[in-house]
Structures are given as C-alpha cells and as structure tokens.
Amino acid sequence: MTCRLRVPLSLFQDWLDRLAEDPSSVVAVPMSFVSEVSGTPICVVRQPSEERNSSAVLLVFGDPGVPESLSGWSNPPALRGFLWIGLGAHRGQISGVVLCHDARFRVEALDLVGPGMRRLPVLDTDRPSFADPRLSRTVGALGQATVNRVRSLAVLQIGCGRNGSLLALNLARLGVEQLTLVDPDLVEEHNLGEMEGVFESDVGLPKAVALARHLRLVNRAGAVQTISEGASHADCVAAARECDLVVSCVDNDPARLAAAILATIFCVPHLDVGTGVFLSEGARLAGADVRLISPGDGCLLEWGGLARREEAVRILSGLQAAPTADWQSERMGSLRSLNEMAVGLAVQMLLDFVSGAIQGSFWQQLELSPQGRASIAHPAPNRDPACRLCASLGKADL
Ligand SMILES: [Zn+2]
C-alpha cells in the first residue's frame, strides 16, 4: 500500500537547510491524515506549534539508516511517518513510510505545495505524460510539464455564477481531470446574460448541475462532480479533503472565508476571484481582486482580507443569519467584460504558479476607472504573526 505526503514548500526548504547543517539531526513535525484520492491516502504536514506529545508525527532525517532516536519509542502514536531525504552522496534519493496503527504505507509521492506545485515521485509511479493536440499551442507557451501538472490537479471550485462559470470553463478547456463544482443556487433568468454555459432550458436547475453538463461536452475526459450546497456543507468539506486546489468565485464573505479555511486546514493553494461594479453619484466604480494564496505564505485574511470579516465569522458560526440573495443583488451591478478580465488574470496566475513563475502568494487588484482606464496594482499583505487562520495550516484532523 502506498500514500502521498503533502508538505508546504517553505517547510520542505526549511528541513533541507536544517539537515544540510547537521545530517545526523532529526526533524519532528506534526502531521494529519486527510483522506483517500483514488484509493491513495494523503498525509499532510501540519503547521509546527507548541503542541507536545503529538498524536501524529513525521520524523525527517538526512543520514541513511534509521536514526537512534526512533528505536527508544515506547509508546508510539497511532499515526507516524518517517521520511529520509538523501544528502551529499545520496543526493536525489528520497524514501518514506507511514505507519497507521498496524497498516504500513510506502510514500509514493511528495507533493510540495507552493510555487511550481511539484510532485516528487518517491516510487516510480508517475503516470506517463501524453501530448494532446488540442493544447499544442498552450504547451508551446507553458511547456508540457506545466500543462500536465495543471491537468492532474483535483480542483474544488466554490461558486458557479458569473465569474465561476467562466473560470470553470477555462479549467475544462485546459483539460483539468477532476473538477468539483459547489453552488447552492439555482439558475435564474437574470443569470443568462453574464453566466457561461447555461441556457434558457436550464432555468430552475442548480447552477452547478447545469454548468457541469456543459463542461462535460467541452472536456469529455474530465470528471465533473457537483454539490448543490453552500461552502460550509459537509459534502463540500469532504470534497476539500480530496482536492489539490480550492477556487472561490463567490459574492459573499462567509463563503469566501469558508473557502479560505478549507484551503488552510487541508494545506492546498487557494485562488479567489471577486469583482464589484457600483454606481456612485452617477460615476461607475468597477474593480476586481484576484488572490492566490500559497500555503505557508500568509492567508486570505492577510492578503487583502474580507470587507465584512466579523460579520462573515458570525454567519459562518451560525450566530447570525445570512443576508438573502436579493439583498446582495440589489446593491451590485455586473459586467461580463470585467468578469472576463478578472478570470483571465486568475487563470494566468494559476498557470504561472504551477510553472513556478509566481513564487508565493500573490494579489492583483484590477481597477476600471470611470473613464474606462484599466490598471492593475499589487498590494502588499498585512501580515499578522498571531493569525489564527495561519496557525491552523494542515490541521486537517482537528
Ligand atoms: Zn493568516
């Protein structure tokens, strides 16, 4: 039996530095057991914290042979793992094993979550790459390895409205093999103007279901699943356990916060798209925020945050009722042109993150002036060393 190990790239680099300094040292980090994807369990390395006597632990060491500190383990935790990273003469070699009660899993791949989204095969189980003539021009722009990695991502997309339908279509065109669409809303007549992939005959159907039908025509090889519930529903949480990337294209902060929490605890990147168009005293104000959060490099609350954070927390905790959809739609206009710009930015950010061109979390803020001039800013994050969301990185089993 084999498993996969998911590690934030920043932590992995830290391990390498520590082992390079002292190859005989042992680095102990807490880890969580997430779930199974196609029968392969995944273990996630958690944010190191003050917790002692962790019920699950991964020991990382650089010298060949089992380090001495392992032999005197009198009361081993139910879940524990060992990862050996070859250094010096053993450079390039890596092996690992995870013990869960009496079961033993060899680590088949190390997912380094972060820029490049690299998957290091530990056993020789990498799927053969194949060239799809439909994407030859994209391969010409990005390279086959990046295209293959993007296609292999299991994507959980929360929100299938105006931005979400455009983004999902882009993912389907890229050939993403596993896409789960989450949206609690039904297609209404006023969606038909700006949404992608829905038609008059879809009015009254769940948005996710109607969109999925269209995507299956675009990408017959891909698997599209639907959840016609909100982001905090148990089905969505279960789907998040099995994903490599969380995308949110929602028009409310509670759902955006739920997406950020799922991405953080399951240690996967989070791509968030938000657009807004308002008329204020006759002048049009239009803009978009597109944020890509790399696990371990801050969280959505630090990279731009939420407009109504406290309210979002209360609604998500069930302490306050969510505002009705009508209340929201009355306040907002929408421009498909703006949505396309924002989604175009988001898709390119994802591709550049997977290729490694984007190193770390990244925020692009698009503004369309009342005179029609588009500009893009790259605001800095507002980091908080005491951030509770960041502290929950990888705590998938808590
Ligand atoms: Zn944070």
# chains A, B, ... in the order shown; residues from 1 in each chain; ligands from 1
$ closest_atom_pairs --of "chain A" --to "ligand 1" --cutoff "8 Å" --atoms "only C-alpha atoms and all ligand atoms" --output "Markdown table"
| residue | atom | partner | partner_atom_place_in_ligand_line | distance |
| --- | --- | --- | --- | --- |
| A:Gly298 | CA | ligand 1 | 1 (Zn) | 4.9 |
| A:Cys299 | CA | ligand 1 | 1 (Zn) | 4.1 |
| A:Leu300 | CA | ligand 1 | 1 (Zn) | 6.7 |
| A:Leu301 | CA | ligand 1 | 1 (Zn) | 5.7 |
| A:Glu302 | CA | ligand 1 | 1 (Zn) | 5.4 |
| A:Arg383 | CA | ligand 1 | 1 (Zn) | 7.0 |
| A:Asp384 | CA | ligand 1 | 1 (Zn) | 6.4 |
| A:Pro385 | CA | ligand 1 | 1 (Zn) | 7.8 |
| A:Ala386 | CA | ligand 1 | 1 (Zn) | 7.9 |
| A:Cys387 | CA | ligand 1 | 1 (Zn) | 4.5 |
| A:Arg388 | CA | ligand 1 | 1 (Zn) | 6.4 |
| A:Leu389 | CA | ligand 1 | 1 (Zn) | 4.9 |
| A:Cys390 | CA | ligand 1 | 1 (Zn) | 4.0 |
| A:Ala391 | CA | ligand 1 | 1 (Zn) | 7.3 |
$ write_last_selection --atoms "C-alpha atoms" --output "CSV table (one decimal), in the first residue's frame"
chain,number,residue,atom,x,y,z
A,298,GLY,CA,0.0,34.0,4.7
A,299,CYS,CA,-3.7,33.6,4.3
A,300,LEU,CA,-6.6,35.4,2.6
A,301,LEU,CA,-7.2,37.4,5.8
A,302,GLU,CA,-3.7,38.9,5.4
A,383,ARG,CA,0.8,40.1,7.9
A,384,ASP,CA,-0.3,39.1,11.4
A,385,PRO,CA,2.1,36.9,13.4
A,386,ALA,CA,-0.8,35.9,15.7
A,387,CYS,CA,-3.1,35.0,12.8
A,388,ARG,CA,-5.4,32.1,14.0
A,389,LEU,CA,-6.2,31.0,10.5
A,390,CYS,CA,-2.5,30.7,9.6
A,391,ALA,CA,-2.0,28.7,12.8
$ residues_around --residues "Ser152 in chain A" --least-positions-apart "2" --cutoff "6 Å" --atoms "only C-alpha atoms" --output "list in words"
Arg149, Val150 and Glu177 of chain A
$ select_by_dssp --residues "range 184-322 of chain A" --states "helix (DSSP H, G or I)" --output "compact mmCIF listing (two decimals) with N, CA and C atoms, in the first residue's frame"
# COMPACT_ATOMS: atom_id res chain seq x y z
N GLU A 189 -33.37 33.57 -14.57
CA GLU A 189 -33.34 34.22 -15.88
C GLU A 189 -32.28 35.33 -15.93
N HIS A 190 -32.12 36.04 -14.82
CA HIS A 190 -31.16 37.15 -14.85
C HIS A 190 -29.71 36.69 -14.86
N ASN A 191 -29.48 35.36 -14.77
CA ASN A 191 -28.11 34.84 -14.88
C ASN A 191 -27.70 34.63 -16.33
N GLU A 200 -31.50 28.90 -21.63
CA GLU A 200 -32.87 29.13 -21.14
C GLU A 200 -33.48 27.87 -20.53
N SER A 201 -33.16 26.74 -21.14
CA SER A 201 -33.73 25.49 -20.65
C SER A 201 -33.18 25.10 -19.28
N ASP A 202 -32.12 25.76 -18.83
CA ASP A 202 -31.52 25.44 -17.53
C ASP A 202 -32.15 26.21 -16.37
N LYS A 207 -27.27 25.62 -10.34
CA LYS A 207 -26.21 26.18 -11.20
C LYS A 207 -25.09 25.17 -11.46
N ALA A 208 -24.68 24.48 -10.38
CA ALA A 208 -23.55 23.55 -10.52
C ALA A 208 -23.90 22.43 -11.51
N VAL A 209 -25.13 21.95 -11.45
CA VAL A 209 -25.55 20.84 -12.31
C VAL A 209 -25.61 21.31 -13.77
N ALA A 210 -26.20 22.49 -13.99
CA ALA A 210 -26.32 22.99 -15.37
C ALA A 210 -24.94 23.24 -15.97
N LEU A 211 -24.06 23.83 -15.17
CA LEU A 211 -22.71 24.13 -15.67
C LEU A 211 -21.94 22.84 -15.95
N ALA A 212 -22.09 21.86 -15.06
CA ALA A 212 -21.37 20.60 -15.23
C ALA A 212 -21.73 19.93 -16.54
N ARG A 213 -22.99 19.98 -16.91
CA ARG A 213 -23.43 19.39 -18.18
C ARG A 213 -22.66 19.99 -19.36
N HIS A 214 -22.53 21.30 -19.31
CA HIS A 214 -21.83 21.99 -20.39
C HIS A 214 -20.34 21.62 -20.40
N LEU A 215 -19.75 21.56 -19.21
CA LEU A 215 -18.31 21.28 -19.12
C LEU A 215 -17.99 19.88 -19.64
N ARG A 216 -18.93 18.95 -19.42
CA ARG A 216 -18.68 17.58 -19.89
C ARG A 216 -18.61 17.53 -21.41
N LEU A 217 -19.32 18.44 -22.08
CA LEU A 217 -19.24 18.50 -23.53
C LEU A 217 -17.89 19.07 -23.98
N VAL A 218 -17.37 20.00 -23.17
CA VAL A 218 -16.10 20.64 -23.51
C VAL A 218 -14.93 19.68 -23.28
N ALA A 234 -21.20 19.77 4.76
CA ALA A 234 -20.30 18.62 4.98
C ALA A 234 -19.81 18.02 3.67
N ASP A 235 -20.63 18.01 2.63
CA ASP A 235 -20.20 17.44 1.34
C ASP A 235 -19.04 18.24 0.75
N CYS A 236 -19.11 19.56 0.95
CA CYS A 236 -18.03 20.41 0.42
C CYS A 236 -16.75 20.18 1.21
N VAL A 237 -16.88 20.03 2.52
CA VAL A 237 -15.70 19.76 3.35
C VAL A 237 -15.08 18.42 2.94
N ALA A 238 -15.94 17.42 2.69
CA ALA A 238 -15.43 16.11 2.27
C ALA A 238 -14.71 16.22 0.94
N ALA A 239 -15.27 17.01 0.02
CA ALA A 239 -14.62 17.18 -1.29
C ALA A 239 -13.28 17.90 -1.14
N ALA A 240 -13.23 18.83 -0.17
CA ALA A 240 -11.98 19.59 0.04
C ALA A 240 -10.85 18.66 0.49
N ARG A 241 -11.20 17.61 1.21
CA ARG A 241 -10.19 16.65 1.67
C ARG A 241 -9.45 16.03 0.50
N ASP A 253 -18.87 37.21 1.77
CA ASP A 253 -17.69 36.94 2.61
C ASP A 253 -17.76 35.63 3.39
N PRO A 254 -18.93 35.20 3.90
CA PRO A 254 -18.93 33.92 4.63
C PRO A 254 -18.44 32.75 3.75
N ALA A 255 -18.88 32.71 2.50
CA ALA A 255 -18.43 31.63 1.62
C ALA A 255 -16.94 31.77 1.30
N ARG A 256 -16.50 33.01 1.16
CA ARG A 256 -15.07 33.24 0.87
C ARG A 256 -14.22 32.81 2.07
N LEU A 257 -14.70 33.10 3.26
CA LEU A 257 -13.98 32.69 4.47
C LEU A 257 -13.97 31.17 4.60
N ALA A 258 -15.10 30.55 4.30
CA ALA A 258 -15.16 29.08 4.37
C ALA A 258 -14.14 28.46 3.41
N ALA A 259 -14.03 29.01 2.22
CA ALA A 259 -13.05 28.50 1.24
C ALA A 259 -11.63 28.67 1.77
N ALA A 260 -11.37 29.83 2.41
CA ALA A 260 -10.02 30.09 2.94
C ALA A 260 -9.69 29.09 4.05
N ILE A 261 -10.68 28.78 4.88
CA ILE A 261 -10.44 27.83 5.98
C ILE A 261 -10.16 26.44 5.42
N LEU A 262 -10.96 26.01 4.44
CA LEU A 262 -10.74 24.68 3.85
C LEU A 262 -9.36 24.58 3.23
N ALA A 263 -8.96 25.60 2.47
CA ALA A 263 -7.64 25.57 1.82
C ALA A 263 -6.53 25.51 2.87
N THR A 264 -6.72 26.22 3.98
CA THR A 264 -5.67 26.28 5.01
C THR A 264 -5.55 24.95 5.74
N ILE A 265 -6.68 24.41 6.19
CA ILE A 265 -6.55 23.18 7.00
C ILE A 265 -6.14 21.99 6.15
N ARG A 309 -15.41 41.11 7.74
CA ARG A 309 -14.84 39.91 8.35
C ARG A 309 -15.62 39.44 9.57
N GLU A 310 -15.92 40.36 10.49
CA GLU A 310 -16.59 39.95 11.73
C GLU A 310 -17.97 39.36 11.42
N GLU A 311 -18.67 40.01 10.48
CA GLU A 311 -19.99 39.51 10.09
C GLU A 311 -19.86 38.11 9.47
N ALA A 312 -18.82 37.94 8.64
CA ALA A 312 -18.61 36.63 7.99
C ALA A 312 -18.38 35.54 9.03
N VAL A 313 -17.59 35.86 10.07
CA VAL A 313 -17.31 34.87 11.11
C VAL A 313 -18.61 34.50 11.83
N ARG A 314 -19.43 35.54 12.13
CA ARG A 314 -20.68 35.27 12.85
C ARG A 314 -21.64 34.43 12.01
N ILE A 315 -21.73 34.74 10.72
CA ILE A 315 -22.65 33.99 9.84
C ILE A 315 -22.17 32.54 9.71
N LEU A 316 -20.84 32.39 9.55
CA LEU A 316 -20.29 31.04 9.36
C LEU A 316 -20.43 30.21 10.64
$ closest_residue --among "A:Ser10, A:Ser280, A:Ser248, A:Asn382" --to "Leu112 in chain A" --atoms "only C-alpha atoms"
A:Ser10
$ closest_atom_pairs --of "range 181-248 of chain A" --to "range 333-339 of chain A" --cutoff "12 Å" --atoms "only C-alpha atoms" --output "Markdown table"
| residue | atom | partner | partner_atom | distance |
| --- | --- | --- | --- | --- |
| A:His190 | CA | A:Ser334 | CA | 11.0 |
| A:Asn191 | CA | A:Ser334 | CA | 10.4 |
| A:Leu192 | CA | A:Arg336 | CA | 11.1 |
| A:Gly193 | CA | A:Arg336 | CA | 8.4 |
| A:Glu194 | CA | A:Arg336 | CA | 5.4 |
| A:Met195 | CA | A:Arg336 | CA | 8.0 |
| A:Glu196 | CA | A:Arg336 | CA | 9.6 |
$ select_by_dssp --residues "range 3-242 of chain A" --states "strand (DSSP E or B)" --output "PyMOL selection string"
chain A and resi 3-8+26-37+40-45+56-61+79-85+94-100+103-113+118-121+154-158+178-182+186+206+223-227
$ residues_around --residues "Ala78 in chain A" --least-positions-apart "5" --cutoff "9 Å" --atoms "only C-alpha atoms" --output "list in words"
Ser55, Ala56, Leu99, Cys100, His101 and Asp102 of chain A
$ write_last_selection --atoms "C-alpha atoms" --output "PDB file, in the first residue's frame"
ATOM      1  CA  SER A  55      -0.724  12.071  18.339  1.00  0.00           C
ATOM      2  CA  ALA A  56       0.753  12.039  14.867  1.00  0.00           C
ATOM      3  CA  LEU A  99       2.507   3.667   9.826  1.00  0.00           C
ATOM      4  CA  CYS A 100      -1.146   3.950  10.723  1.00  0.00           C
ATOM      5  CA  HIS A 101      -2.000   1.545  13.547  1.00  0.00           C
ATOM      6  CA  ASP A 102      -0.877  -1.754  12.014  1.00  0.00           C
TER       7      ASP A 102
END
$ residues_around --residues "Ser375 in chain A" --least-positions-apart "2" --cutoff "12 Å" --atoms "only C-alpha atoms" --output "PyMOL selection string"
chain A and resi 286-289+341-342+364-373+377-378
$ closest_residue --among "A:Asp297, A:Asp272, A:Glu188, A:Asp397" --to "Asn252 in chain A" --atoms "only C-alpha atoms"
A:Asp272
$ closest_residue --among "A:Phe82, A:Phe353, A:Phe61, A:Trp303" --to "Arg104 in chain A" --atoms "only C-alpha atoms"
A:Phe82
$ residues_around --residues "Leu167 in chain A" --least-positions-apart "5" --cutoff "12 Å" --atoms "only C-alpha atoms" --output "PDB file with C-alpha atoms, in the first residue's frame"
ATOM      1  CA  VAL A 155      -9.937  21.270  -8.237  1.00  0.00           C
ATOM      2  CA  LEU A 156     -12.685  22.196  -5.790  1.00  0.00           C
ATOM      3  CA  GLN A 157     -14.470  25.249  -7.126  1.00  0.00           C
ATOM      4  CA  ILE A 158     -16.863  27.085  -4.827  1.00  0.00           C
ATOM      5  CA  GLY A 159     -19.236  29.414  -6.654  1.00  0.00           C
ATOM      6  CA  CYS A 160     -20.602  28.780 -10.140  1.00  0.00           C
ATOM      7  CA  GLY A 161     -22.124  32.140 -11.008  1.00  0.00           C
ATOM      8  CA  ARG A 162     -20.821  34.803 -13.336  1.00  0.00           C
ATOM      9  CA  ALA A 172     -12.279  22.395 -18.601  1.00  0.00           C
ATOM     10  CA  ARG A 173     -10.597  23.804 -21.720  1.00  0.00           C
ATOM     11  CA  LEU A 174      -7.225  23.175 -20.082  1.00  0.00           C
ATOM     12  CA  VAL A 176      -8.432  19.511 -15.794  1.00  0.00           C
ATOM     13  CA  LEU A 179     -13.393  19.243 -11.008  1.00  0.00           C
ATOM     14  CA  LEU A 181     -18.431  22.388  -8.551  1.00  0.00           C
ATOM     15  CA  MET A 195     -23.038  33.407 -16.975  1.00  0.00           C
ATOM     16  CA  GLU A 196     -21.231  30.957 -19.231  1.00  0.00           C
ATOM     17  CA  GLY A 197     -22.535  27.507 -20.135  1.00  0.00           C
ATOM     18  CA  LEU A 211     -22.715  24.130 -15.666  1.00  0.00           C
ATOM     19  CA  LEU A 215     -18.313  21.279 -19.122  1.00  0.00           C
ATOM     20  CA  VAL A 247     -11.028  28.057  -6.087  1.00  0.00           C
ATOM     21  CA  SER A 248     -13.625  30.520  -4.821  1.00  0.00           C
ATOM     22  CA  CYS A 249     -15.718  32.737  -7.062  1.00  0.00           C
ATOM     23  CA  VAL A 250     -18.363  33.866  -4.596  1.00  0.00           C
ATOM     24  CA  LEU A 271      -7.388  31.030  -5.773  1.00  0.00           C
ATOM     25  CA  ASP A 272     -10.028  33.663  -5.051  1.00  0.00           C
ATOM     26  CA  VAL A 273     -11.776  35.914  -7.562  1.00  0.00           C
ATOM     27  CA  GLY A 274     -14.018  38.800  -6.549  1.00  0.00           C
ATOM     28  CA  ASN A 339     -15.529  39.229 -15.067  1.00  0.00           C
ATOM     29  CA  GLU A 340     -13.564  38.011 -18.083  1.00  0.00           C
ATOM     30  CA  MET A 341     -10.622  40.241 -17.212  1.00  0.00           C
ATOM     31  CA  ALA A 342     -10.618  39.021 -13.599  1.00  0.00           C
ATOM     32  CA  VAL A 343     -10.944  35.354 -14.563  1.00  0.00           C
ATOM     33  CA  GLY A 344      -8.261  35.776 -17.237  1.00  0.00           C
ATOM     34  CA  LEU A 345      -5.910  37.130 -14.572  1.00  0.00           C
ATOM     35  CA  ALA A 346      -6.837  34.310 -12.200  1.00  0.00           C
ATOM     36  CA  VAL A 347      -6.211  31.536 -14.733  1.00  0.00           C
ATOM     37  CA  GLN A 348      -2.875  33.036 -15.720  1.00  0.00           C
ATOM     38  CA  LEU A 350      -2.685  29.640 -11.573  1.00  0.00           C
TER      39      LEU A 350
END
$ closest_residue --among "A:Ala396, A:Met1, A:Leu59, A:Gly88" --to "Asp22 in chain A" --atoms "only C-alpha atoms"
A:Gly88
$ atom_distance --atom1 "CA of Val57 in chain A" --atom2 "CA of Val7 in chain A"
13.1 Å
$ closest_residue --among "A:Val268, A:Ala20, A:Val26, A:Leu393" --to "Arg91 in chain A" --atoms "only C-alpha atoms"
A:Ala20
$ closest_residue --among "A:Gly175, A:Gly394, A:Gly92, A:Pro295" --to "Pro269 in chain A" --atoms "only C-alpha atoms"
A:Pro295
$ atom_distance --atom1 "CA of Ala145 in chain A" --atom2 "CA of Val224 in chain A"
23.0 Å
$ atom_distance --atom1 "CA of Ser355 in chain A" --atom2 "CA of Thr146 in chain A"
5.4 Å
